[in-house]
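Q: Dropping the structure in here first, questions after.
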Amino acid sequence: MMKLIGRNLSPYTRRVAVAMTLLDVPHSREYLSVTADPERGLELNPVGRVPVLELEDGERLIESAAILDYLMDLVGPAKSLVPAHGKARRDCIQLMAIGSGVLDKAVNAIYEVRRRPAEKVHEPWRQHLLRQASGGLAALDAQAATRKPNDGTWLLGEQLSLADVTAAVTVSFLRVMVPELVTDGLYPALYALTEKAEAMPAFRAHPLETP
Ligand SMILES: N[C@@H](CCC(=O)N[C@@H](CS)C(=O)NCC(=O)O)C(=O)O
């Protein structure tokens, strides 16, 4: 059986975990925190990060986007959570890039505070990172606002895609770790989409741990 390594508090890991459950790909988990155990991180991944997906033969894949690409290839076009061609495929991958870009900026803003001595935190840089994250959230909200109200559609229309999974895990992670980025009422369409996604069994199967 494949093994997914990383905690659900890592949104990059969580989006892979949710996708594996949505696609019924059997897997076990190793809930590694690379903050707590950086040596294990470096043993599994040359750049010491999670997620890592260990395949049945021991091959290890790194980078959530690359892991998701492998999984979509594994399940094939009929089940894939990324449209196969054209504008829909482009839009899906761009929206995923915005979501993971938000995460990159927010995670760096967190590290700025948590991984530096207090006197070495550069607040203007942290604010710049938060502005970049906010730009991505506004773009996701604008896309979510094009959904027809309350009719159950997703970012790209009727079909749930990895763009939705990424957007929802992003908002949920920020609510716990950088609540100032996702205050009430700021991104209503994106919040509604997140609530809808988080109510699904595949999301509920991978709840965020407390930090
Ligand atoms: N681009 C990577 C980002 C992975 C990442 O930054 N993971 C974090 C956990 S949320 C990590 O392992 N951080 C440890 C570090 O960078 O030192 C991906 O999508 O997999």
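By convention in this document, the chains of the structure tokens carry letters A, B, ... by their order, each chain's residues are numbered from 1, and ligands are numbered from 1 in the order they are shown.
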As a list in words, list the residues of stretch 25-191 of chain A assigned to strand (DSSP E) by DSSP on the backbone atoms of this structure.

A: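 Matching residues for strand (DSSP E) in stretch 25-191 of chain A are His27, Ser28, Arg29, Glu30, Val52, Leu53, Glu54, Arg60, Leu61 and Ile62 of chain A.
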
Q: Counting only C-alpha atoms and all ligand atoms, name the residues that have an atom within 9 Å of an atom of ligand 1; the answer should be given as a PyMOL selection string.

A: chain A and resi 6-13+33-35+38+41+47-52+62-67+100-101+103-104+107-108+111

Q: Quick one: of A:Leu42, A:Ala106, A:Thr146, A:Glu30, who's nearest to A:His128, counting only C-alpha atoms?

A: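 Ranked by minimum distance to A:His128, first place goes to A:Ala106.
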
Q: Going by DSSP on the backbone, which residues of chain A come out as helix (DSSP H, G or I)? List them as a PyMOL selection string.

A: chain A and resi 11-22+38-44+64-75+86-114+118-120+123-144+162-177+179-182+188-198+201-204

Q: Tell me which of A:Ala78, A:Leu155, A:Leu44, A:Ala189 sits closest to A:Gln94, counting only C-alpha atoms.

A: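 Smallest separation from A:Gln94 among the options: A:Leu155.
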
Q: If we count only C-alpha atoms, what is near A:Tyr191 at a cut-off of 12 Å, once residues fewer than 3 positions away on the same chain are taken out, given as a PyMOL selection string?

A: chain A and resi 137-138+140-142+144-145+164+167-172+174-175+182-188+194-198

Q: With N, CA, C and O atoms retained, write the just-selected residues as an mmCIF file, in the first residue's frame.

A:
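So the final result, stored in part_25.cif, reads:
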```cif
data_model
loop_
_atom_site.group_PDB
_atom_site.id
_atom_site.type_symbol
_atom_site.label_atom_id
_atom_site.label_comp_id
_atom_site.auth_asym_id
_atom_site.auth_seq_id
_atom_site.Cartn_x
_atom_site.Cartn_y
_atom_site.Cartn_z
ATOM 1 N N LEU A 137 -6.099 35.226 -2.456
ATOM 2 C CA LEU A 137 -7.420 34.918 -1.887
ATOM 3 C C LEU A 137 -8.512 35.706 -2.610
ATOM 4 O O LEU A 137 -9.593 35.178 -2.896
ATOM 5 N N ALA A 138 -8.227 36.980 -2.927
ATOM 6 C CA ALA A 138 -9.218 37.800 -3.639
ATOM 7 C C ALA A 138 -9.500 37.202 -5.024
ATOM 8 O O ALA A 138 -10.654 37.182 -5.480
ATOM 9 N N LEU A 140 -9.242 34.019 -5.880
ATOM 10 C CA LEU A 140 -10.045 32.792 -5.700
ATOM 11 C C LEU A 140 -11.494 33.149 -5.378
ATOM 12 O O LEU A 140 -12.437 32.504 -5.861
ATOM 13 N N ASP A 141 -11.664 34.191 -4.558
ATOM 14 C CA ASP A 141 -13.029 34.608 -4.204
ATOM 15 C C ASP A 141 -13.773 35.115 -5.448
ATOM 16 O O ASP A 141 -14.959 34.811 -5.633
ATOM 17 N N ALA A 142 -13.056 35.852 -6.300
ATOM 18 C CA ALA A 142 -13.697 36.365 -7.525
ATOM 19 C C ALA A 142 -14.147 35.194 -8.405
ATOM 20 O O ALA A 142 -15.243 35.211 -8.980
ATOM 21 N N ALA A 144 -14.806 32.137 -7.297
ATOM 22 C CA ALA A 144 -15.894 31.451 -6.579
ATOM 23 C C ALA A 144 -17.203 32.218 -6.739
ATOM 24 O O ALA A 144 -18.287 31.622 -6.796
ATOM 25 N N ALA A 145 -17.122 33.537 -6.837
ATOM 26 C CA ALA A 145 -18.329 34.369 -6.959
ATOM 27 C C ALA A 145 -19.020 34.181 -8.307
ATOM 28 O O ALA A 145 -20.179 34.564 -8.467
ATOM 29 N N ASP A 164 -10.764 23.217 -6.321
ATOM 30 C CA ASP A 164 -11.626 23.371 -5.137
ATOM 31 C C ASP A 164 -10.954 22.790 -3.894
ATOM 32 O O ASP A 164 -11.015 23.378 -2.811
ATOM 33 N N ALA A 167 -8.273 25.208 -2.837
ATOM 34 C CA ALA A 167 -8.833 26.448 -2.269
ATOM 35 C C ALA A 167 -9.374 26.196 -0.862
ATOM 36 O O ALA A 167 -9.119 26.982 0.067
ATOM 37 N N ALA A 168 -10.096 25.094 -0.688
ATOM 38 C CA ALA A 168 -10.724 24.829 0.615
ATOM 39 C C ALA A 168 -9.679 24.517 1.684
ATOM 40 O O ALA A 168 -9.756 25.046 2.801
ATOM 41 N N VAL A 169 -8.684 23.689 1.359
ATOM 42 C CA VAL A 169 -7.669 23.399 2.396
ATOM 43 C C VAL A 169 -6.885 24.663 2.731
ATOM 44 O O VAL A 169 -6.444 24.847 3.872
ATOM 45 N N THR A 170 -6.744 25.546 1.756
ATOM 46 C CA THR A 170 -6.020 26.803 1.996
ATOM 47 C C THR A 170 -6.772 27.661 3.013
ATOM 48 O O THR A 170 -6.199 28.117 4.014
ATOM 49 N N VAL A 171 -8.062 27.870 2.773
ATOM 50 C CA VAL A 171 -8.844 28.710 3.691
ATOM 51 C C VAL A 171 -8.871 28.088 5.090
ATOM 52 O O VAL A 171 -8.668 28.783 6.100
ATOM 53 N N SER A 172 -9.074 26.777 5.160
ATOM 54 C CA SER A 172 -9.164 26.119 6.475
ATOM 55 C C SER A 172 -7.841 26.233 7.236
ATOM 56 O O SER A 172 -7.828 26.456 8.452
ATOM 57 N N LEU A 174 -5.593 28.644 6.850
ATOM 58 C CA LEU A 174 -5.412 30.038 7.254
ATOM 59 C C LEU A 174 -6.265 30.377 8.465
ATOM 60 O O LEU A 174 -5.852 31.150 9.330
ATOM 61 N N ARG A 175 -7.459 29.796 8.533
ATOM 62 C CA ARG A 175 -8.341 30.082 9.692
ATOM 63 C C ARG A 175 -7.654 29.691 10.992
ATOM 64 O O ARG A 175 -7.830 30.334 12.012
ATOM 65 N N VAL A 182 -8.152 35.876 6.867
ATOM 66 C CA VAL A 182 -9.473 35.380 6.432
ATOM 67 C C VAL A 182 -10.558 35.810 7.433
ATOM 68 O O VAL A 182 -11.303 34.982 7.940
ATOM 69 N N THR A 183 -10.599 37.103 7.699
ATOM 70 C CA THR A 183 -11.597 37.598 8.653
ATOM 71 C C THR A 183 -13.003 37.485 8.061
ATOM 72 O O THR A 183 -13.176 37.437 6.834
ATOM 73 N N ASP A 184 -13.974 37.471 8.953
ATOM 74 C CA ASP A 184 -15.382 37.281 8.555
ATOM 75 C C ASP A 184 -15.788 38.255 7.456
ATOM 76 O O ASP A 184 -15.471 39.439 7.514
ATOM 77 N N GLY A 185 -16.488 37.734 6.471
ATOM 78 C CA GLY A 185 -17.083 38.592 5.450
ATOM 79 C C GLY A 185 -16.141 39.022 4.339
ATOM 80 O O GLY A 185 -16.574 39.615 3.352
ATOM 81 N N LEU A 186 -14.849 38.722 4.479
ATOM 82 C CA LEU A 186 -13.879 39.244 3.500
ATOM 83 C C LEU A 186 -14.008 38.557 2.135
ATOM 84 O O LEU A 186 -13.963 39.215 1.094
ATOM 85 N N TYR A 187 -14.144 37.248 2.144
ATOM 86 C CA TYR A 187 -14.208 36.486 0.877
ATOM 87 C C TYR A 187 -15.428 35.552 0.912
ATOM 88 O O TYR A 187 -15.284 34.329 1.029
ATOM 89 N N PRO A 188 -16.646 36.122 0.840
ATOM 90 C CA PRO A 188 -17.847 35.314 1.114
ATOM 91 C C PRO A 188 -18.031 34.119 0.174
ATOM 92 O O PRO A 188 -18.416 33.029 0.626
ATOM 93 N N THR A 194 -15.644 26.773 0.691
ATOM 94 C CA THR A 194 -14.863 26.023 1.690
ATOM 95 C C THR A 194 -15.796 25.232 2.610
ATOM 96 O O THR A 194 -15.550 24.054 2.895
ATOM 97 N N GLU A 195 -16.870 25.876 3.055
ATOM 98 C CA GLU A 195 -17.815 25.191 3.947
ATOM 99 C C GLU A 195 -18.405 23.961 3.263
ATOM 100 O O GLU A 195 -18.518 22.890 3.856
ATOM 101 N N LYS A 196 -18.767 24.150 2.009
ATOM 102 C CA LYS A 196 -19.359 23.046 1.245
ATOM 103 C C LYS A 196 -18.354 21.896 1.110
ATOM 104 O O LYS A 196 -18.690 20.733 1.307
ATOM 105 N N ALA A 197 -17.110 22.231 0.803
ATOM 106 C CA ALA A 197 -16.090 21.194 0.659
ATOM 107 C C ALA A 197 -15.815 20.505 1.995
ATOM 108 O O ALA A 197 -15.777 19.272 2.077
ATOM 109 N N GLU A 198 -15.672 21.299 3.051
ATOM 110 C CA GLU A 198 -15.316 20.718 4.359
ATOM 111 C C GLU A 198 -16.420 19.822 4.913
ATOM 112 O O GLU A 198 -16.171 19.014 5.796
#
```

Q: Can you work out which one of A:Gly135, A:Ser80, A:Arg126, A:Asp91 has the shortest atom-to-atom distance to A:Leu22, counting only C-alpha atoms?

A: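 Closest candidate: A:Ser80.
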